[in-house]
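For reference, the structure discussed in these notes is given below.
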Amino acid sequence: MQAWQFLRTPPGPCRRRRPRGMTMVGVMILLFLLLAFLLISMLAQGRGGDVSSESKSALNLTRRRGELIVAQTLAESGIRLSLQWLIQQPSSPVNTSAFGPSSVATFYGGTVDANGWTVVSLNQGPTTTENATVTAQPGTIKVRFYPYATNATSNRKMYGIECTGEYLGYSYTARIFIRQNSFARYAYFSDTAPTGWWVSGSTRFQGPVHVNGVDGTGNAVDPAARINILWKANDWSVPYSDDWIFTYPDDGYFTTAMSYSQINWQYSYGSGAYYYDPNWWTPYWENITAANRAPKTDQPIILMPTATTSQKNSALGASAEPAVSFIGAFVPVSGSTTSAGVYIGGDVKDMNLSYQNVSGHDDQVIEVIQNIAGGEQLSRLQVSLVNNQTVVTVSTRATSANPWSVVSTNTYTGVTNSVIYVSGNIGSQTAPYTGGLSGAVVINHMSGTTVVRPSSWMVVTDSTKVMNLDGGIVYKDLITDASNPNNLKSNASAATDTSGTLGLVAGRFRVPEQDGSGATLDNLTIHAVCMAYDTFTVVNPTTRAPGVINLIGGYIVKNNTQLGIVQLDGTVNNGFIFNRNYDQRIAENPPPDYPVADRSYQIMSFQKVNTTLN
């Protein structure tokens with residue numbers, strides 16, 4: 001880190017926290033409303049006449065409207081209670097038919113009725129009737145969940161939730177549709193607090209960012225955790241969009257379970273860097289984020305999954321898992337038709353994604369090389385999105401100096417579900433860490449501008465295994481340098497509508513010092529949303545040659561590690577600087593069976609309805 005001079009007082013004009021004077025305004029409005037109701041009441045108790053009659057009518061109308069508002073409030077409160085219940089569950093409900101959340105009823109002293117509705121009675125307190133008699137009136141909320149039929153096979157659960165509020169004869173029903181958030185929606189996610197600094201000018205997040213900042217238990221925020229952010233303030237009157245750290249304009253641009261006091265804000269002014277005390281000064285958010293508002297702190301912890309069991313099951317479908325000793329590619333089929341994904345048994349020496357042109361279109365090719373007794377085995381899968389066909393060829397050879405000899409070829413109707421599960425590691429686990437995953441993903445099968453069949457893939461290992469990334473992993477239409485087929489490169493900053501999509505999930509990612517051709521790996525392109533159940537590492541980050549990792553996708557890790565030594569001006573001394581480009585497409589259309597967040601849901605719609613679904 002640079003030798004900064006830390007000062008308690010900023011050198012330029014800072015903005016004090018804006019006074020929160022809205023409280024006085026609210027009190028004045030409340031007094032005005034009370035006075036208005038008092039006047040109406042006085043008029044209503046007059047000795048007859050048109051004025052008294054009209055006042056009574058107006059008072060009754062106001063009361064009825066108030067009672068309807070109470071019913072609406074009860075319905076919306078029931079929705080919030082249901083969402084809170086859902087978030088507190090250790091995993092998403094697996095119900096396949098409509099149900100009422102029983103624990104909500106139990107907690108609030110309610111019941112689940114014969115029709116499957118959770119029913120809770122909530123006392124609404126004193127109510128003034130037309131005759132000025134003050135009584136306590138109960139309100140009722142009724143809640144019911146409707147799971148989507150796709151929940152039986154999809155890992156991204158979806159639900160409809162209805163809640164009816166009832167009060168003094170009035171009824172109001174609200175309906176909400178939600179789905180589990182996929183971790184693919186994040187541009188950056190970390191379970192523990194990030195290491196180092198987020199520096200304006202050299203750190204940029206184009207999509208949602210979330211940091212849990214948990215302690216060793218993984219279930220509570222670590223009070224000692226800190227997020228360090230350095231932002232620029234060279235000209236206090238001009239927003240510096242070129243230096244924004246958070247370019248995503250939505251409210252969710254930066255959320256964290258940590259408290260606001262756990263964010264260390266520093267700002268650079270001229271040639272110095274200065275301490276920033278959030279308790280006394282309001283940040284110039286326009287110099288930090290396109291959203292121009294404070295981050296959301298003290299948010300719920302979003303639990304990461306602990307295993308890739310769901311992805312393994314997706315690859316296998318209804319088929320049994322091969323024996324532990326199995327080495328090779330297993331493609332589940334029903335007769336001669338593919339019925340699931342691809343299961344790779346054992347450690348993988350090298351995996352390459354490529355393409356083969358057939359009659360004007362590109363088939364996706366996946367080649368998996370593994371060590372076997374007496375030599376090596378190659379499992380080659382050629383998947384044709386256009387012809388709806390999968391060809392699996394198995395070859396062997398004694399050594400890498402020998403040619404491949406074909407052992408078997410099988411042709412199946414249909415394409416796989418695009419989930420490729422590897423039970424072992426990908427690439428060697430001893431220095432110099434040769435082999436790994438690299439290659440190109442073909443474009444979507446298109447008809448004009450319409451996607452007929454997406455080229456969407458998922459490569460995942462067991463959650464305890466390592467995936468080496470020993471070369472570029474690039475969407476074919478975005479390749480800008482194919483001179484080294486072992487390390488394809490791209491200078492693109494965004495994918496296109498025709499680009500494929502790729503998800504990578506492993507226990508840990510590792511970037512070796514050399515690519516598959518033996519050349520120094522100092523420029524790496526990754527077009528994928530990457531999720532590590534442990535962390536993302538590079539070999540010798542503090543001594544290796546300086547370089548850059550260009551990402552289009554997302555970066556999700558449990559634990560952060562050092563990727564290199566980078567100066568505050570962006571100069572890389574050793575290791576990598578990480579250029580993160582967010583892929584907006586993957587937020588709504590994640591790769592198949594990408595891990596989901598059990599305690600995080602996306603609201604798709606919220607509406608008032610006149611009839612219930614059942």
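By convention here, the chains of the structure tokens are called A, B, ... in the order presented, each chain's residues are numbered starting at 1, and ligands are numbered starting at 1 in the order presented.
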Can you list every residue of segment 337-447 of chain A that has an atom at most 12 Å from segment 522-527 of chain A, with its nearest atom pair and the distance in Å to one decimal, using only C-alpha atoms, ordered by chain then number, as a Markdown table?
```
| residue | atom | partner | partner_atom | distance |
| --- | --- | --- | --- | --- |
| A:Leu437 | CA | A:Ile526 | CA | 10.7 |
| A:Ser438 | CA | A:Ile526 | CA | 9.0 |
| A:Gly439 | CA | A:Ile526 | CA | 9.8 |
| A:Ala440 | CA | A:His527 | CA | 9.1 |
| A:Val441 | CA | A:His527 | CA | 9.0 |
| A:Val442 | CA | A:His527 | CA | 11.9 |
```
Practice item. Mind checking which residues fall within 10 Å of segment 164-177 of chain A, counting only C-alpha atoms, ignoring those fewer than 3 positions away in the same chain, and posting them as a VMD selection string? Key: chain A and resid 64 to 65 67 to 79 83 117 119 to 122 124 137 to 148 158 to 161 601 to 613
Check your understanding: How many Å separate atom CA of Gln356 of chain A from atom CA of Ser447 of chain A?
Key -> 19.6 Å
Practice item. Could you give me the residues within segment 203-327 of chain A that DSSP places in alpha helix (DSSP H), as a list in words? Key: Thr309, Ser310, Gln311, Lys312, Asn313, Ser314, Ala315 and Leu316 of chain A
If you count only C-alpha atoms, which residues fall within 10 Å of Tyr248 of chain A, apart from same-chain ones fewer than 6 positions away, as a JSON list (two decimals) with all heavy atoms, in the first residue's frame?
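Output contents, as saved in around_32.json:
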```json
[["chain", "number", "residue", "atom", "x", "y", "z"],
["A", 187, "ALA", "N", -22.63, -9.51, -9.81],
["A", 187, "ALA", "CA", -21.35, -9.17, -10.44],
["A", 187, "ALA", "C", -20.21, -9.54, -9.49],
["A", 187, "ALA", "O", -19.14, -9.94, -9.92],
["A", 187, "ALA", "CB", -21.30, -7.68, -10.77],
["A", 204, "ARG", "N", -14.12, -1.66, -10.46],
["A", 204, "ARG", "CA", -15.43, -1.26, -10.99],
["A", 204, "ARG", "C", -16.36, -2.45, -10.98],
["A", 204, "ARG", "O", -16.00, -3.54, -11.39],
["A", 204, "ARG", "CB", -15.29, -0.70, -12.41],
["A", 204, "ARG", "CG", -16.61, -0.28, -13.03],
["A", 204, "ARG", "CD", -16.38, 0.61, -14.24],
["A", 204, "ARG", "NE", -15.79, 1.88, -13.84],
["A", 204, "ARG", "CZ", -15.54, 2.88, -14.66],
["A", 204, "ARG", "NH1", -15.80, 2.75, -15.95],
["A", 204, "ARG", "NH2", -15.02, 4.00, -14.23],
["A", 205, "PHE", "N", -17.58, -2.20, -10.48],
["A", 205, "PHE", "CA", -18.61, -3.23, -10.45],
["A", 205, "PHE", "C", -19.80, -2.75, -11.27],
["A", 205, "PHE", "O", -20.40, -1.73, -10.95],
["A", 205, "PHE", "CB", -19.05, -3.52, -9.02],
["A", 205, "PHE", "CG", -17.94, -3.97, -8.10],
["A", 205, "PHE", "CD1", -17.44, -3.11, -7.13],
["A", 205, "PHE", "CD2", -17.39, -5.23, -8.21],
["A", 205, "PHE", "CE1", -16.43, -3.51, -6.28],
["A", 205, "PHE", "CE2", -16.36, -5.64, -7.37],
["A", 205, "PHE", "CZ", -15.88, -4.78, -6.40],
["A", 206, "GLN", "N", -20.15, -3.53, -12.31],
["A", 206, "GLN", "CA", -21.22, -3.11, -13.22],
["A", 206, "GLN", "C", -22.56, -3.73, -12.88],
["A", 206, "GLN", "O", -23.55, -3.49, -13.57],
["A", 206, "GLN", "CB", -20.84, -3.47, -14.65],
["A", 206, "GLN", "CG", -19.59, -2.77, -15.15],
["A", 206, "GLN", "CD", -19.21, -3.24, -16.54],
["A", 206, "GLN", "OE1", -19.41, -4.39, -16.90],
["A", 206, "GLN", "NE2", -18.69, -2.32, -17.34],
["A", 207, "GLY", "N", -22.60, -4.56, -11.84],
["A", 207, "GLY", "CA", -23.84, -5.22, -11.45],
["A", 207, "GLY", "C", -23.96, -5.29, -9.95],
["A", 207, "GLY", "O", -23.16, -4.69, -9.21],
["A", 208, "PRO", "N", -24.94, -6.04, -9.44],
["A", 208, "PRO", "CA", -25.16, -6.12, -8.00],
["A", 208, "PRO", "C", -23.96, -6.68, -7.25],
["A", 208, "PRO", "O", -23.32, -7.63, -7.71],
["A", 208, "PRO", "CB", -26.36, -7.06, -7.87],
["A", 208, "PRO", "CG", -27.04, -7.00, -9.20],
["A", 208, "PRO", "CD", -25.95, -6.78, -10.20],
["A", 209, "VAL", "N", -23.66, -6.11, -6.10],
["A", 209, "VAL", "CA", -22.57, -6.55, -5.24],
["A", 209, "VAL", "C", -23.15, -6.87, -3.86],
["A", 209, "VAL", "O", -23.96, -6.09, -3.33],
["A", 209, "VAL", "CB", -21.49, -5.45, -5.11],
["A", 209, "VAL", "CG1", -20.46, -5.81, -4.04],
["A", 209, "VAL", "CG2", -20.81, -5.21, -6.45],
["A", 254, "PHE", "N", -24.95, -2.24, -4.06],
["A", 254, "PHE", "CA", -24.02, -2.69, -3.02],
["A", 254, "PHE", "C", -24.81, -2.94, -1.75],
["A", 254, "PHE", "O", -25.30, -2.01, -1.11],
["A", 254, "PHE", "CB", -22.93, -1.64, -2.80],
["A", 254, "PHE", "CG", -21.95, -1.96, -1.70],
["A", 254, "PHE", "CD1", -21.71, -3.27, -1.31],
["A", 254, "PHE", "CD2", -21.25, -0.95, -1.06],
["A", 254, "PHE", "CE1", -20.82, -3.56, -0.27],
["A", 254, "PHE", "CE2", -20.35, -1.22, -0.04],
["A", 254, "PHE", "CZ", -20.14, -2.54, 0.35],
["A", 289, "THR", "N", -20.85, 6.17, -6.84],
["A", 289, "THR", "CA", -21.79, 5.25, -7.45],
["A", 289, "THR", "C", -22.76, 5.95, -8.39],
["A", 289, "THR", "O", -23.18, 7.09, -8.13],
["A", 289, "THR", "CB", -22.60, 4.50, -6.37],
["A", 289, "THR", "OG1", -23.70, 3.84, -6.97],
["A", 289, "THR", "CG2", -23.15, 5.46, -5.33],
["A", 290, "ALA", "N", -23.13, 5.26, -9.45],
["A", 290, "ALA", "CA", -24.14, 5.77, -10.38],
["A", 290, "ALA", "C", -25.50, 5.86, -9.71],
["A", 290, "ALA", "O", -26.37, 6.62, -10.14],
["A", 290, "ALA", "CB", -24.21, 4.87, -11.61],
["A", 291, "ALA", "N", -25.72, 5.07, -8.65],
["A", 291, "ALA", "CA", -27.00, 5.09, -7.95],
["A", 291, "ALA", "C", -27.16, 6.35, -7.09],
["A", 291, "ALA", "O", -28.27, 6.70, -6.71],
["A", 291, "ALA", "CB", -27.13, 3.85, -7.07],
["A", 582, "TYR", "N", -19.84, -7.06, -16.13],
["A", 582, "TYR", "CA", -21.04, -7.79, -15.74],
["A", 582, "TYR", "C", -21.83, -8.21, -16.99],
["A", 582, "TYR", "O", -21.95, -7.44, -17.95],
["A", 582, "TYR", "CB", -21.90, -6.90, -14.85],
["A", 582, "TYR", "CG", -23.15, -7.53, -14.31],
["A", 582, "TYR", "CD1", -23.11, -8.71, -13.59],
["A", 582, "TYR", "CD2", -24.38, -6.91, -14.51],
["A", 582, "TYR", "CE1", -24.26, -9.27, -13.07],
["A", 582, "TYR", "CE2", -25.54, -7.46, -13.99],
["A", 582, "TYR", "CZ", -25.48, -8.64, -13.28],
["A", 582, "TYR", "OH", -26.63, -9.18, -12.77]]
```
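Atom pair atom CA of Gly374 of chain A / atom CA of Ser354 of chain A: separated by 27.0 Å.
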**Study point:** Polymer residues at most 7 Å from segment 396-409 of chain A, only C-alpha atoms, same-chain spacing of 4 or more positions, as a PyMOL selection string
**Key:** chain A and resi 374-378+392
Preceding selection exported with C-alpha atoms as a PDB file, in the first residue's frame:
```pdb
ATOM      1  CA  GLY A 374      -1.804 -48.105 -19.489  1.00  0.00           C
ATOM      2  CA  GLY A 375      -2.189 -44.611 -20.914  1.00  0.00           C
ATOM      3  CA  GLU A 376      -4.763 -41.895 -21.527  1.00  0.00           C
ATOM      4  CA  GLN A 377      -8.422 -41.779 -22.501  1.00  0.00           C
ATOM      5  CA  LEU A 378     -10.202 -39.128 -24.556  1.00  0.00           C
ATOM      6  CA  VAL A 392     -19.901 -39.476 -28.013  1.00  0.00           C
TER       7      VAL A 392
END
```
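For the atom pair formed by atom CA of Ser423 of chain A and atom CA of Ser310 of chain A, the distance is 13.0 Å, given to one decimal.
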Give one line per residue of segment 114-224 of chain A that approaches segment 547-571 of chain A to at most 6 Å, naming the two atoms of the closest pair and their distance in Å to one decimal, counting only C-alpha atoms; sort by chain then ascending residue number and deliver it as JSON lines.
```
{"residue": "A:Tyr186", "atom": "CA", "partner": "A:Gly554", "partner_atom": "CA", "distance": 6.0}
{"residue": "A:Ala187", "atom": "CA", "partner": "A:Gly554", "partner_atom": "CA", "distance": 4.4}
{"residue": "A:Tyr188", "atom": "CA", "partner": "A:Tyr555", "partner_atom": "CA", "distance": 4.9}
{"residue": "A:Phe189", "atom": "CA", "partner": "A:Ile556", "partner_atom": "CA", "distance": 4.6}
{"residue": "A:Ser190", "atom": "CA", "partner": "A:Val557", "partner_atom": "CA", "distance": 5.0}
{"residue": "A:Asp191", "atom": "CA", "partner": "A:Lys558", "partner_atom": "CA", "distance": 4.5}
{"residue": "A:Thr192", "atom": "CA", "partner": "A:Asn559", "partner_atom": "CA", "distance": 5.5}
{"residue": "A:Pro194", "atom": "CA", "partner": "A:Asn560", "partner_atom": "CA", "distance": 5.5}
{"residue": "A:Ser202", "atom": "CA", "partner": "A:Gly570", "partner_atom": "CA", "distance": 5.3}
```
Would you save the residues of that selection, restricted to C-alpha atoms, as a PDB file, in the first residue's frame?
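After the write, again-v1.pdb holds the following:
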```
ATOM      1  CA  TYR A 186     -24.210 -11.029  -8.846  1.00  0.00           C
ATOM      2  CA  ALA A 187     -21.354  -9.167 -10.437  1.00  0.00           C
ATOM      3  CA  TYR A 188     -19.493  -9.745  -7.166  1.00  0.00           C
ATOM      4  CA  PHE A 189     -20.369 -11.785  -4.094  1.00  0.00           C
ATOM      5  CA  SER A 190     -18.215 -12.781  -1.150  1.00  0.00           C
ATOM      6  CA  ASP A 191     -19.114 -14.594   2.033  1.00  0.00           C
ATOM      7  CA  THR A 192     -16.204 -13.192   4.028  1.00  0.00           C
ATOM      8  CA  PRO A 194     -12.858  -8.753   0.858  1.00  0.00           C
ATOM      9  CA  SER A 202      -9.048   0.525 -10.771  1.00  0.00           C
TER      10      SER A 202
END
```
